[in-house]
>>> print(open('final.txt').read())   # compact mmCIF, C-alpha atoms
# COMPACT_ATOMS: atom_id res chain seq x y z
CA MET A 1370 0.00 0.00 0.00
CA THR A 1371 1.14 3.53 -0.73
CA SER A 1372 0.63 6.56 1.47
CA THR A 1373 -2.56 7.42 -0.41
CA GLY A 1374 -4.09 4.00 0.12
CA GLU A 1375 -3.50 2.84 -3.47
CA VAL A 1376 -2.12 -0.59 -4.26
CA GLU A 1377 1.38 -0.48 -5.69
CA GLY A 1378 1.57 -1.59 -9.30
CA ARG A 1379 -1.98 -0.51 -10.05
CA ALA A 1380 -3.24 2.75 -11.43
CA GLY A 1381 -5.22 4.85 -8.97
CA PRO A 1382 -8.73 6.16 -9.57
CA PRO A 1383 -8.89 8.60 -12.49
CA LEU A 1384 -9.36 12.34 -12.32
CA TRP A 1385 -11.11 13.62 -9.19
CA TRP A 1386 -12.35 10.37 -7.64
CA VAL A 1387 -10.75 9.23 -4.42
CA ARG A 1388 -11.60 5.56 -4.84
CA ARG A 1389 -12.06 3.41 -7.92
CA ARG A 1390 -15.46 2.34 -6.59
CA ASP A 1391 -16.64 5.97 -6.64
CA ALA A 1392 -15.64 6.32 -10.29
CA VAL A 1393 -17.49 3.13 -11.27
CA TRP A 1394 -20.58 4.22 -9.33
CA ASP A 1395 -20.69 7.70 -10.87
CA LEU A 1396 -20.14 6.37 -14.37
CA GLY A 1397 -22.99 3.92 -13.86
CA LEU A 1398 -25.32 6.66 -12.61
CA GLY A 1399 -24.25 8.88 -15.49
CA GLY A 1400 -25.07 6.12 -17.97
CA LEU A 1401 -28.53 5.55 -16.47
CA SER A 1402 -29.22 9.29 -16.44
CA ALA A 1403 -28.11 9.59 -20.07
CA LEU A 1404 -30.46 6.76 -21.12
CA GLU A 1405 -33.33 8.34 -19.21
CA CYS A 1406 -32.78 11.80 -20.67
CA GLY A 1407 -32.26 10.33 -24.16
CA TRP A 1408 -35.62 8.55 -23.91
CA GLU A 1409 -37.28 11.72 -22.63
CA GLY A 1410 -35.56 13.67 -25.42
CA ILE A 1411 -37.86 12.00 -27.95
CA ASN A 1412 -40.94 13.68 -26.46
CA PHE A 1413 -38.99 16.93 -26.06
CA ALA A 1414 -38.05 16.88 -29.77
CA ARG A 1415 -41.68 16.16 -30.75
CA GLU A 1416 -43.02 19.04 -28.63
CA ALA A 1417 -40.30 21.44 -29.77
CA GLY A 1418 -40.61 20.50 -33.44
CA LEU A 1419 -37.01 19.28 -33.64
CA PRO A 1420 -35.63 16.15 -35.26
CA THR A 1421 -35.77 13.15 -32.98
CA ALA A 1422 -32.04 12.58 -33.27
CA VAL A 1423 -31.41 16.10 -31.97
CA GLY A 1424 -33.68 15.52 -28.98
CA VAL A 1425 -32.06 12.19 -28.18
CA LEU A 1426 -28.54 13.63 -28.50
CA PHE A 1427 -29.51 16.56 -26.29
CA GLY A 1428 -30.88 14.18 -23.67
CA LEU A 1429 -27.74 12.03 -23.73
CA VAL A 1430 -25.52 15.07 -23.17
CA VAL A 1431 -27.71 16.41 -20.37
CA GLY A 1432 -27.90 13.07 -18.58
CA SER A 1433 -24.16 12.50 -18.83
CA VAL A 1434 -23.59 15.61 -16.74
CA LEU A 1435 -24.37 13.49 -13.66
CA VAL A 1436 -20.87 11.98 -13.96
CA LEU A 1437 -19.52 15.32 -12.70
CA ARG A 1438 -21.60 15.36 -9.53
CA ARG A 1439 -18.67 14.95 -7.11
CA ARG A 1440 -16.52 17.50 -8.89
CA TRP A 1441 -19.10 20.21 -9.67
CA PRO A 1442 -22.33 19.52 -7.74
CA ILE A 1443 -23.61 23.08 -8.21
CA ALA A 1444 -23.30 22.80 -12.00
CA VAL A 1445 -25.19 19.49 -12.00
CA VAL A 1446 -28.10 21.01 -10.03
CA LEU A 1447 -28.20 24.06 -12.28
CA VAL A 1448 -28.38 21.83 -15.34
CA GLY A 1449 -31.23 19.91 -13.73
CA ILE A 1450 -33.10 23.14 -13.05
CA ALA A 1451 -32.46 24.36 -16.60
CA VAL A 1452 -33.90 21.25 -18.29
CA ALA A 1453 -36.89 21.04 -15.95
CA PRO A 1454 -39.20 22.76 -18.55
CA ALA A 1455 -38.27 20.00 -21.03
CA ALA A 1456 -39.63 17.38 -18.60
CA MET A 1457 -36.39 15.42 -18.46
CA GLY A 1458 -33.66 14.70 -15.92
CA PHE A 1459 -35.58 13.08 -13.05
CA LEU A 1460 -32.55 11.06 -11.90
CA LEU A 1461 -30.24 14.00 -12.62
CA GLY A 1462 -32.25 16.32 -10.36
CA VAL A 1463 -32.68 13.91 -7.45
CA VAL A 1464 -29.07 12.68 -7.35
CA GLY A 1465 -27.75 16.21 -7.97
CA LEU A 1466 -29.62 17.63 -4.97
CA TYR A 1467 -28.46 14.76 -2.76
CA THR A 1468 -24.84 15.28 -3.79
CA LEU A 1469 -25.08 19.03 -3.27
CA ALA A 1470 -26.50 18.64 0.25
CA SER A 1471 -23.89 16.06 1.27
CA SER A 1472 -20.92 18.06 -0.05
CA GLU A 1473 -18.93 20.83 1.62
CA VAL A 1474 -20.83 23.53 -0.28
CA PRO A 1475 -22.03 26.34 2.04
CA ARG A 1476 -25.54 25.78 3.36
CA ARG A 1477 -26.87 29.06 1.99
CA ILE A 1478 -25.98 27.95 -1.56
CA THR A 1479 -27.62 24.57 -0.96
CA ALA A 1480 -30.79 26.24 0.34
CA THR A 1481 -30.89 28.64 -2.61
CA LEU A 1482 -30.49 25.95 -5.27
CA ALA A 1483 -32.95 23.63 -3.50
CA SER A 1484 -35.52 26.44 -3.46
CA MET A 1485 -34.93 27.12 -7.16
CA SER A 1486 -35.34 23.42 -7.96
CA LEU A 1487 -38.54 23.27 -5.87
CA ALA A 1488 -39.99 26.30 -7.63
CA ALA A 1489 -39.02 25.03 -11.09
CA THR A 1490 -40.57 21.61 -10.46
CA PHE A 1491 -43.74 23.19 -9.07
CA VAL A 1492 -44.18 25.51 -12.06
CA VAL A 1493 -43.55 22.77 -14.62
CA MET A 1494 -45.92 20.34 -12.90
CA TYR A 1495 -48.59 23.02 -12.52
CA LEU A 1496 -48.47 24.02 -16.19
CA ARG A 1497 -48.39 20.46 -17.50
CA THR A 1498 -51.13 19.17 -15.16
CA ARG A 1499 -53.41 22.12 -15.82
CA GLY A 1500 -53.02 21.72 -19.57
CA ASP A 1501 -53.50 17.94 -19.64
CA VAL A 1502 -56.58 17.53 -17.43
CA GLU A 1503 -59.60 19.60 -16.62
CA ALA A 1504 -59.47 19.80 -12.84
CA ASP A 1505 -60.00 22.22 -10.03
CA THR A 1506 -57.22 24.77 -9.67
CA THR A 1507 -56.77 23.99 -5.98
CA LEU A 1508 -56.29 20.31 -6.73
CA VAL A 1509 -53.72 21.12 -9.40
CA VAL A 1510 -51.82 23.38 -7.03
CA VAL A 1511 -51.84 20.78 -4.26
CA LEU A 1512 -50.75 18.03 -6.62
CA SER A 1513 -47.96 20.15 -8.10
CA GLY A 1514 -46.74 21.18 -4.67
CA PHE A 1515 -46.75 17.60 -3.47
CA VAL A 1516 -44.69 16.41 -6.46
CA ALA A 1517 -42.28 19.33 -6.12
CA VAL A 1518 -41.73 18.64 -2.42
CA ALA A 1519 -41.39 14.88 -3.01
CA LEU A 1520 -38.70 15.39 -5.64
CA THR A 1521 -36.76 18.06 -3.74
CA VAL A 1522 -36.98 17.74 0.06
CA PRO A 1523 -36.14 14.01 0.60
CA PRO A 1524 -32.87 14.04 -1.40
CA VAL A 1525 -31.80 17.28 0.30
CA LEU A 1526 -32.54 15.95 3.81
CA PHE A 1527 -30.88 12.62 3.07
CA GLY A 1528 -27.84 14.41 1.66
CA LEU A 1529 -27.57 16.58 4.76
CA TYR A 1530 -27.72 13.49 6.97
CA ILE A 1531 -25.07 11.63 4.96
CA GLY A 1532 -22.82 14.69 4.91
CA ALA A 1533 -23.09 15.18 8.67
CA ARG A 1534 -22.46 11.48 9.24
CA ARG A 1535 -19.42 11.55 6.98
CA ARG A 1536 -17.98 14.56 8.75
CA LEU A 1537 -18.61 12.89 12.11
CA MET A 1538 -16.79 9.76 11.00
CA GLU A 1539 -13.86 11.81 9.73
CA SER A 1540 -13.75 13.71 13.01
CA LEU A 1541 -13.81 10.46 14.98
CA GLN A 1542 -11.08 9.01 12.79
CA GLU A 1543 -8.91 12.09 13.31
CA ARG A 1544 -9.55 11.91 17.03
CA ALA A 1545 -8.65 8.22 17.10
CA ASP A 1546 -5.42 8.95 15.20
CA SER A 1547 -4.64 11.78 17.60
CA LEU A 1548 -5.28 9.55 20.62
CA GLU A 1549 -3.08 6.86 19.14
CA ARG A 1550 -0.26 9.35 18.69
CA GLU A 1551 -0.76 10.64 22.24
CA LEU A 1552 -0.74 7.10 23.64
CA SER A 1553 2.47 6.36 21.77
CA LEU A 1554 4.01 9.55 23.13
CA LEU A 1555 2.83 8.73 26.67
CA ALA A 1556 4.29 5.23 26.38
CA ASP A 1557 7.65 6.69 25.34
CA ARG A 1558 7.55 9.17 28.21
CA ALA A 1559 6.57 6.43 30.67
CA GLU A 1560 9.55 4.39 29.56
CA GLU A 1561 11.81 7.42 29.99
CA ARG A 1562 10.40 8.07 33.48
CA ALA A 1563 10.83 4.41 34.42
CA GLU A 1564 14.46 4.52 33.30
CA TRP A 1565 14.93 7.75 35.24
CA ALA A 1566 13.42 6.13 38.35
CA ARG A 1567 15.71 3.12 38.02
CA THR A 1568 18.73 5.39 37.73
CA GLU A 1569 17.59 7.40 40.77
CA GLU A 1570 17.20 4.28 42.86
CA ARG A 1571 20.55 2.87 41.81
CA THR A 1572 22.11 6.16 42.91
CA ARG A 1573 20.15 6.06 46.19
CA ILE A 1574 21.23 2.49 46.96
CA ALA A 1575 24.86 3.26 46.12
CA ARG A 1576 24.78 6.35 48.35
CA GLU A 1577 23.30 4.41 51.28
CA MET A 1578 25.82 1.61 50.99
CA HIS A 1579 28.65 4.13 50.74
CA ASP A 1580 27.51 6.02 53.83
CA VAL A 1581 26.84 2.93 55.92
CA VAL A 1582 29.85 0.80 55.01
CA ALA A 1583 32.50 3.42 54.26
CA HIS A 1584 32.31 5.05 57.70
CA ARG A 1585 32.65 1.84 59.68
CA VAL A 1586 35.33 0.42 57.41
CA SER A 1587 37.24 3.72 57.69
CA LEU A 1588 37.13 3.48 61.48
CA MET A 1589 38.27 -0.13 61.24
CA VAL A 1590 41.26 0.95 59.15
CA VAL A 1591 42.08 3.72 61.63
CA HIS A 1592 41.93 1.29 64.58
CA ALA A 1593 43.96 -1.27 62.64
CA ALA A 1594 46.65 1.36 61.99
CA ALA A 1595 46.69 2.27 65.68
CA LEU A 1596 46.78 -1.39 66.59
CA GLU A 1597 49.80 -1.90 64.40
CA ALA A 1598 51.58 1.05 66.00
CA ILE A 1599 50.99 0.08 69.64
CA ALA A 1600 50.85 -3.70 69.45
CA ALA A 1601 54.31 -4.13 70.93
CA LYS A 1602 54.27 -1.13 73.30
CA ASP A 1603 50.81 -1.36 74.88
CA PRO A 1604 49.23 -4.82 74.58
CA ALA A 1605 46.19 -3.84 76.65
CA ARG A 1606 45.34 -0.92 74.42
CA ALA A 1607 46.04 -3.04 71.36
CA ALA A 1608 43.56 -5.63 72.58
CA LYS A 1609 41.00 -2.90 73.13
CA ASN A 1610 41.51 -1.59 69.60
CA ALA A 1611 41.25 -5.10 68.23
CA ALA A 1612 37.93 -5.56 70.00
CA LEU A 1613 36.70 -2.27 68.54
CA VAL A 1614 37.73 -3.38 65.07
CA GLY A 1615 35.81 -6.59 65.52
CA ASP A 1616 32.69 -4.79 66.78
CA MET A 1617 32.71 -2.33 63.90
CA GLY A 1618 33.28 -5.09 61.39
CA ARG A 1619 30.31 -7.00 62.75
CA GLN A 1620 28.14 -3.86 62.64
CA ALA A 1621 29.17 -3.17 59.04
CA LEU A 1622 28.41 -6.76 58.05
CA THR A 1623 25.02 -6.62 59.80
CA GLU A 1624 23.97 -3.46 58.02
CA LEU A 1625 25.29 -4.77 54.70
CA ARG A 1626 23.34 -8.02 55.14
CA GLU A 1627 20.16 -6.06 55.84
CA MET A 1628 20.51 -4.14 52.59
CA LEU A 1629 21.42 -7.20 50.54
CA GLY A 1630 18.53 -9.09 52.12
CA VAL A 1631 16.11 -6.47 50.88
CA LEU A 1632 17.62 -6.61 47.40
CA ARG A 1633 17.34 -10.40 47.28
CA SER A 1634 13.86 -10.71 48.80
CA PRO A 1635 10.77 -10.94 46.54
CA ALA A 1636 9.57 -7.52 45.44
CA PRO A 1637 6.51 -6.41 47.46
CA LYS A 1638 3.39 -5.37 45.63
CA PRO A 1639 2.75 -1.62 45.69
CA LYS A 1640 -0.25 -0.43 47.64
CA PRO A 1641 -3.28 0.87 45.71
CA GLY A 1642 -2.93 4.54 44.91
CA ALA A 1643 0.83 4.45 45.41
CA GLY A 1644 1.67 4.67 41.71
CA ALA A 1645 3.76 7.78 42.26
CA TRP A 1646 5.73 8.87 45.29
CA ALA A 1647 7.00 12.24 46.34
CA GLY A 1648 10.66 12.91 45.84
CA GLY A 1649 11.04 15.07 48.96
CA ALA A 1650 10.35 18.71 49.66
CA GLY A 1651 11.41 20.79 46.72
CA GLY A 1652 12.50 17.84 44.60
CA ALA A 1653 15.78 19.64 43.90
CA ARG A 1654 18.84 17.86 42.63
CA ALA A 1655 22.49 18.69 42.74
CA GLY A 1656 23.39 20.96 39.89
CA GLY A 1657 19.79 21.87 39.11
CA GLY A 1658 16.59 22.90 40.83
CA GLY A 1659 13.18 21.34 40.86
CA SER A 1660 9.70 22.63 41.44
CA ALA A 1661 8.38 22.32 44.98
CA GLY A 1662 6.28 19.25 45.55
CA ALA A 1663 7.43 17.60 42.32
CA VAL A 1664 6.21 14.04 41.98
CA ARG A 1665 8.59 11.35 40.86
CA PRO A 1666 7.56 8.48 38.60
CA ALA A 1667 6.56 5.19 40.15
CA ALA A 1668 9.55 3.67 41.92
CA PRO A 1669 10.57 0.05 41.31
CA ALA A 1670 9.21 -2.40 43.85
CA VAL A 1671 12.66 -3.20 45.29
CA ALA A 1672 13.30 0.51 45.70
CA VAL A 1673 10.05 0.89 47.64
CA ALA A 1674 11.23 -1.83 50.01
CA LEU A 1675 14.59 -0.12 50.36
CA VAL A 1676 12.87 3.14 51.20
CA GLY A 1677 11.17 1.42 54.12
CA THR A 1678 14.47 -0.08 55.24
CA PHE A 1679 16.30 3.23 55.04
CA ASP A 1680 13.53 5.06 56.87
CA ASP A 1681 14.27 2.82 59.86
CA GLY A 1682 17.87 4.03 59.80
CA PRO A 1683 19.80 6.15 62.32
CA SER A 1684 18.44 9.28 64.00
CA LEU A 1685 19.81 12.37 65.72
CA ASP A 1686 19.72 10.58 69.07
CA GLU A 1687 22.56 8.36 67.85
CA LEU A 1688 24.94 11.23 67.09
CA GLU A 1689 26.57 10.93 70.52
CA ALA A 1690 27.40 7.30 69.86
CA LEU A 1691 28.72 8.21 66.40
CA VAL A 1692 31.00 10.88 67.86
CA GLY A 1693 32.07 8.42 70.56
CA GLN A 1694 33.26 5.97 67.90
CA SER A 1695 35.49 8.65 66.39
CA ARG A 1696 36.83 9.51 69.85
CA ALA A 1697 37.62 5.85 70.41
CA ALA A 1698 39.59 5.91 67.16
CA GLY A 1699 41.80 8.67 68.58
CA MET A 1700 40.12 11.73 67.08
CA VAL A 1701 39.64 14.81 69.29
CA VAL A 1702 35.96 15.59 68.75
CA GLU A 1703 33.82 18.16 70.52
CA MET A 1704 30.03 18.11 70.12
CA VAL A 1705 27.95 21.24 70.71
CA VAL A 1706 24.14 21.16 70.73
CA GLN A 1707 22.19 24.44 70.60
CA GLY A 1708 18.48 24.71 71.28
CA ALA A 1709 16.01 21.93 71.80
CA ARG A 1710 13.48 20.16 69.65
CA ALA A 1711 10.15 21.94 69.45
CA GLY A 1712 7.28 19.51 69.72
CA ALA A 1713 7.37 16.17 67.94
CA ALA A 1714 10.43 14.54 66.41
CA TYR A 1715 11.65 15.47 62.95
CA ALA A 1716 10.68 13.51 59.90
CA ALA A 1717 12.55 10.22 59.53
CA GLU A 1718 14.30 11.32 56.32
CA VAL A 1719 15.43 14.54 57.97
CA GLU A 1720 16.98 12.78 60.97
CA GLN A 1721 18.58 10.15 58.78
CA THR A 1722 20.03 12.76 56.41
CA ALA A 1723 21.40 14.84 59.29
CA TYR A 1724 23.03 11.74 60.76
CA ARG A 1725 24.57 10.75 57.41
CA VAL A 1726 25.97 14.25 56.84
CA VAL A 1727 27.76 14.20 60.19
CA GLN A 1728 28.87 10.61 59.65
CA GLU A 1729 30.37 11.30 56.22
CA ALA A 1730 32.02 14.52 57.44
CA LEU A 1731 33.71 12.61 60.28
CA THR A 1732 34.82 9.94 57.82
CA ASN A 1733 36.43 12.64 55.68
CA CYS A 1734 38.18 14.00 58.76
CA HIS A 1735 39.67 10.56 59.38
CA LYS A 1736 40.81 10.38 55.76
CA HIS A 1737 42.08 13.88 55.09
CA ALA A 1738 42.76 15.49 58.49
CA PRO A 1739 44.31 12.90 60.85
CA GLY A 1740 45.14 14.43 64.22
CA ALA A 1741 43.05 17.56 63.62
CA ARG A 1742 40.62 18.84 66.23
CA VAL A 1743 37.00 18.46 65.09
CA VAL A 1744 33.91 20.34 66.28
CA VAL A 1745 30.42 18.96 65.58
CA ARG A 1746 27.61 21.49 66.01
CA LEU A 1747 23.89 20.69 66.00
CA ALA A 1748 21.31 23.49 66.22
CA HIS A 1749 17.55 23.14 66.59
CA ARG A 1750 15.67 26.13 65.17
CA ASP A 1751 12.11 27.01 64.31
CA GLY A 1752 11.11 24.74 61.45
CA GLU A 1753 14.62 23.54 60.66
CA VAL A 1754 17.66 21.75 61.98
CA ALA A 1755 21.25 22.75 61.18
CA MET A 1756 24.46 20.77 61.49
CA GLN A 1757 28.12 21.69 61.00
CA VAL A 1758 31.32 19.67 61.13
CA GLU A 1759 34.53 21.68 61.16
CA ASN A 1760 38.07 20.44 61.55
CA GLY A 1761 41.14 22.50 62.29
CA PRO A 1762 44.45 22.30 60.46
CA CYS A 1763 45.92 18.84 60.18
CA ASP A 1764 48.72 17.96 62.62
CA GLY A 1765 51.71 17.21 60.48
CA GLU A 1766 53.21 14.90 63.13
CA VAL A 1767 50.30 12.49 62.90
CA SER A 1768 50.34 10.16 59.92
CA GLY A 1769 47.12 9.06 58.36
CA ALA A 1770 45.91 5.51 57.93
CA GLY A 1771 46.13 5.71 54.15
CA LEU A 1772 42.39 5.57 53.60
CA PRO A 1773 41.39 5.66 49.93
CA SER A 1774 38.94 8.29 48.71
CA GLY A 1775 36.46 7.87 45.88
CA GLY A 1776 35.46 11.52 45.77
CA ASN A 1777 31.77 10.72 46.32
CA GLY A 1778 31.36 11.85 49.93
CA LEU A 1779 30.61 15.55 49.38
CA VAL A 1780 28.53 14.74 46.30
CA GLY A 1781 26.38 12.30 48.25
CA MET A 1782 25.89 14.77 51.12
CA ARG A 1783 24.88 17.53 48.73
CA GLU A 1784 22.39 15.25 46.95
CA ARG A 1785 20.81 14.19 50.23
CA VAL A 1786 20.41 17.71 51.56
CA LEU A 1787 19.18 19.27 48.32
CA GLY A 1788 16.82 16.34 47.84
CA LEU A 1789 14.97 17.45 51.00
CA GLY A 1790 14.93 21.11 49.98
CA GLY A 1791 17.77 22.06 52.31
CA VAL A 1792 20.97 24.09 51.96
CA PHE A 1793 24.45 22.58 51.77
CA VAL A 1794 27.79 24.45 51.91
CA SER A 1795 31.30 23.04 52.14
CA GLY A 1796 34.78 24.46 51.77
CA PRO A 1797 38.08 25.29 53.44
CA THR A 1798 38.29 27.64 56.40
CA ASP A 1799 40.63 30.59 56.92
CA ALA A 1800 42.43 28.65 59.65
CA GLY A 1801 43.47 25.93 57.21
CA GLY A 1802 40.78 23.40 58.07
CA PHE A 1803 37.59 22.35 56.34
CA ARG A 1804 33.94 22.98 57.14
CA VAL A 1805 30.76 21.17 56.12
CA SER A 1806 27.42 22.89 56.87
CA ALA A 1807 23.85 21.83 56.13
CA VAL A 1808 20.38 23.14 57.00
CA LEU A 1809 17.32 20.91 56.65
CA PRO A 1810 13.61 21.72 56.94
CA ALA A 1811 12.03 20.00 59.93
CA GLY A 1812 9.04 18.65 57.99
>>> encode(input="final.txt", output="structure tokens")
Amino acid sequence: MTSTGEVEGRAGPPLWWVRRRDAVWDLGLGGLSALECGWEGINFAREAGLPTAVGVLFGLVVGSVLVLRRRWPIAVVLVGIAVAPAAMGFLLGVVGLYTLASSEVPRRITATLASMSLAATFVVMYLRTRGDVEADTTLVVVLSGFVAVALTVPPVLFGLYIGARRRLMESLQERADSLERELSLLADRAEERAEWARTEERTRIAREMHDVVAHRVSLMVVHAAALEAIAAKDPARAAKNAALVGDMGRQALTELREMLGVLRSPAPKPKPGAGAWAGGAGGARAGGGGSAGAVRPAAPAVAVALVGTFDDGPSLDELEALVGQSRAAGMVVEMVVQGARAGAAYAAEVEQTAYRVVQEALTNCHKHAPGARVVVRLAHRDGEVAMQVENGPCDGEVSGAGLPSGGNGLVGMRERVLGLGGVFVSGPTDAGGFRVSAVLPAG
């Protein structure tokens, strides 16, 4: 099939016809109309005093005009009106009016030509009936009017109905095509959103595993380095450090098993109405903003389970224990808390994010500032919570544990904070240290 609906290798419909069937139908009607008008041309020639052959030829030409009904419907109707006094063209007039009414010709033109055809038919019938029979004038008028209406109104009404129905079908077809295109576009967009959601969840899982495992493993490395340094000098302290390494290793393995258990467990079915889930207040991302209250696409089922697991994560109440672990590793850490919580606890994501920011900042201190003094500040304000981790200049006499750095710590903290609509700032201080600051909305 070609783009026009024609079969390749075959000639399309000739001239102005859209389909071959239309051409065959019009040619057939034109032939019947020509035969009718040719037969009626015999009487016309007799009444006009013309040769019969002239009357027949005239009728054939007039009747053949019906072939042009789809191309020039107005001309066909005018020809039918013109030959009405010759008492020929019954099929021409009826089919011409139907075609005119069903076409795209303005309605005022259709009404005008239909009125002209009605008047012409009435006058011809009145004159012929009055001259042929001796009857009452009222009866002749009624009979002529009835014939005129019967030959004019039904084809016009039927043509109007067919034209309206055709336009309705075309409109429905266009609407169906439009809906099909929209559905195809929506399917493409849904696939893009699903891929975006998968990417977001992979990033979220990687960030969680980095924050949970990297901190404890970093502390283990720090303790192992201290253990190596004091093993021969202070066996008691070495044993204590070894116990701490074991405890932290077991904690890291426990948390890692919990995450891997969620990933390996069967995916839970989403609850009804949970097709989309909010991406946090503001929906902002690192390197670009987002409209407040933006809704993310439907998350994968495993990601939904991970969200529940992560929501049960650490809170602000565990910051003291976190700072204590760094102190046990030999870091000089001071924790300052300003203000108090107003009312109920913060949202779970807020507390978890605040904890992870402090945790990752302390991990960076172990990596990049061994021996430096660290101050952890936590401030409770109206409608928000702020945290800051600042380390002083690194003590050159203290050697680090050689912890590797992947460069993802600050990026992950920024993503977490901005994802909740907060503010994140990090950078070196004038004293030669480094500061990490974050402010999170309480809700």
>>> closest_residue(input="final.txt", among="A:Leu1529, A:Cys1406, A:Ala1451, A:Val1786", to="Val1430 in chain A", atoms="only C-alpha atoms")
A:Cys1406
>>> atom_distance(input="final.txt", atom1="CA of Ser1402 in chain A", atom2="CA of Ala1533 in chain A")
26.5 Å
>>> closest_atom_pairs(input="final.txt", of="range 1453-1532 of chain A", to="range 1435-1439 of chain A", cutoff="12 Å", atoms="only C-alpha atoms", output="CSV")
residue,atom,partner,partner_atom,distance
A:Gly1458,CA,A:Leu1435,CA,9.6
A:Phe1459,CA,A:Leu1435,CA,11.2
A:Leu1460,CA,A:Leu1435,CA,8.7
A:Leu1461,CA,A:Leu1435,CA,6.0
A:Gly1462,CA,A:Leu1435,CA,9.0
A:Val1463,CA,A:Leu1435,CA,10.4
A:Val1464,CA,A:Leu1435,CA,7.9
A:Gly1465,CA,A:Arg1438,CA,6.4
A:Leu1466,CA,A:Arg1438,CA,9.5
A:Tyr1467,CA,A:Arg1438,CA,9.7
A:Thr1468,CA,A:Arg1438,CA,6.6
A:Leu1469,CA,A:Arg1438,CA,8.0
A:Ala1470,CA,A:Arg1439,CA,11.4
A:Ser1471,CA,A:Arg1439,CA,9.9
A:Ser1472,CA,A:Arg1439,CA,8.0
A:Glu1473,CA,A:Arg1439,CA,10.5
A:Val1474,CA,A:Arg1439,CA,11.2
>>> closest_atom_pairs(input="final.txt", of="range 1428-1543 of chain A", to="range 1547-1551 of chain A", cutoff="10 Å", atoms="all atoms listed in the file", output="JSON lines")
{"residue": "A:Leu1541", "atom": "CA", "partner": "A:Ser1547", "partner_atom": "CA", "distance": 9.6}
{"residue": "A:Gln1542", "atom": "CA", "partner": "A:Ser1547", "partner_atom": "CA", "distance": 8.5}
{"residue": "A:Glu1543", "atom": "CA", "partner": "A:Ser1547", "partner_atom": "CA", "distance": 6.1}
>>> atom_distance(input="final.txt", atom1="CA of Ala1563 in chain A", atom2="CA of Gly1788 in chain A")
18.9 Å
>>> atom_distance(input="final.txt", atom1="CA of Gly1410 in chain A", atom2="CA of Arg1497 in chain A")
16.5 Å
>>> axis_aligned_box(input="final.txt", around="range 1531-1536 of chain A", padding_each_side="5 Å", output="lines of an AutoDock Vina configuration file")
center_x = -21.5
center_y = 13.3
center_z = 7.1
size_x = 17.1
size_y = 13.7
size_z = 14.3
>>> residues_around(input="final.txt", residues="range 1800-1808 of chain A", least_positions_apart="6", cutoff="7 Å", atoms="all atoms listed in the file", output="list in words")
Ala1730, Glu1753, Val1754, Ala1755, Met1756, Gln1757, Val1758, Glu1759, Asn1760, Gly1761, Pro1762, Gly1791, Val1792, Phe1793 and Val1794 of chain A
>>> closest_residue(input="final.txt", among="A:Arg1750, A:Arg1573, A:Lys1609, A:His1737", to="Ala1811 in chain A", atoms="only C-alpha atoms")
A:Arg1750
>>> closest_residue(input="final.txt", among="A:Met1700, A:Met1538, A:Val1425, A:Cys1763", to="Ala1738 in chain A", atoms="only C-alpha atoms")
A:Cys1763
>>> closest_residue(input="final.txt", among="A:Ala1621, A:Val1780, A:Val1493, A:Ala1414", to="Ala1453 in chain A", atoms="only C-alpha atoms")
A:Val1493
>>> closest_residue(input="final.txt", among="A:Ala1444, A:Met1704, A:Ala1612, A:Leu1520", to="Val1743 in chain A", atoms="only C-alpha atoms")
A:Met1704
>>> closest_residue(input="final.txt", among="A:Thr1798, A:Thr1498, A:Thr1479, A:Ser1587", to="Thr1732 in chain A", atoms="all atoms listed in the file")
A:Ser1587
>>> residues_around(input="final.txt", residues="Ser1484 in chain A", least_positions_apart="5", cutoff="10 Å", atoms="all atoms listed in the file", output="PyMOL selection string")
chain A and resi 1478-1479+1489-1490+1521-1522
>>> build_atoms(input="final.txt", residues="range 1405-1410 of chain A", atoms="N, CA, C and O atoms", output="mmCIF file, in the coordinates of the input")
data_model
loop_
_atom_site.group_PDB
_atom_site.id
_atom_site.type_symbol
_atom_site.label_atom_id
_atom_site.label_comp_id
_atom_site.auth_asym_id
_atom_site.auth_seq_id
_atom_site.Cartn_x
_atom_site.Cartn_y
_atom_site.Cartn_z
ATOM 1 N N GLU A 1405 -32.039 7.752 -19.557
ATOM 2 C CA GLU A 1405 -33.330 8.340 -19.210
ATOM 3 C C GLU A 1405 -33.582 9.633 -19.984
ATOM 4 O O GLU A 1405 -34.654 9.827 -20.580
ATOM 5 N N CYS A 1406 -32.597 10.521 -19.982
ATOM 6 C CA CYS A 1406 -32.780 11.800 -20.670
ATOM 7 C C CYS A 1406 -32.875 11.603 -22.190
ATOM 8 O O CYS A 1406 -33.586 12.347 -22.884
ATOM 9 N N GLY A 1407 -32.134 10.610 -22.713
ATOM 10 C CA GLY A 1407 -32.260 10.330 -24.160
ATOM 11 C C GLY A 1407 -33.660 9.871 -24.524
ATOM 12 O O GLY A 1407 -34.211 10.259 -25.555
ATOM 13 N N TRP A 1408 -34.236 9.003 -23.672
ATOM 14 C CA TRP A 1408 -35.620 8.550 -23.910
ATOM 15 C C TRP A 1408 -36.591 9.727 -23.809
ATOM 16 O O TRP A 1408 -37.516 9.867 -24.624
ATOM 17 N N GLU A 1409 -36.403 10.561 -22.796
ATOM 18 C CA GLU A 1409 -37.280 11.720 -22.630
ATOM 19 C C GLU A 1409 -37.026 12.773 -23.707
ATOM 20 O O GLU A 1409 -37.890 13.623 -23.976
ATOM 21 N N GLY A 1410 -35.849 12.722 -24.333
ATOM 22 C CA GLY A 1410 -35.560 13.670 -25.420
ATOM 23 C C GLY A 1410 -36.424 13.446 -26.642
ATOM 24 O O GLY A 1410 -36.594 14.368 -27.458
#
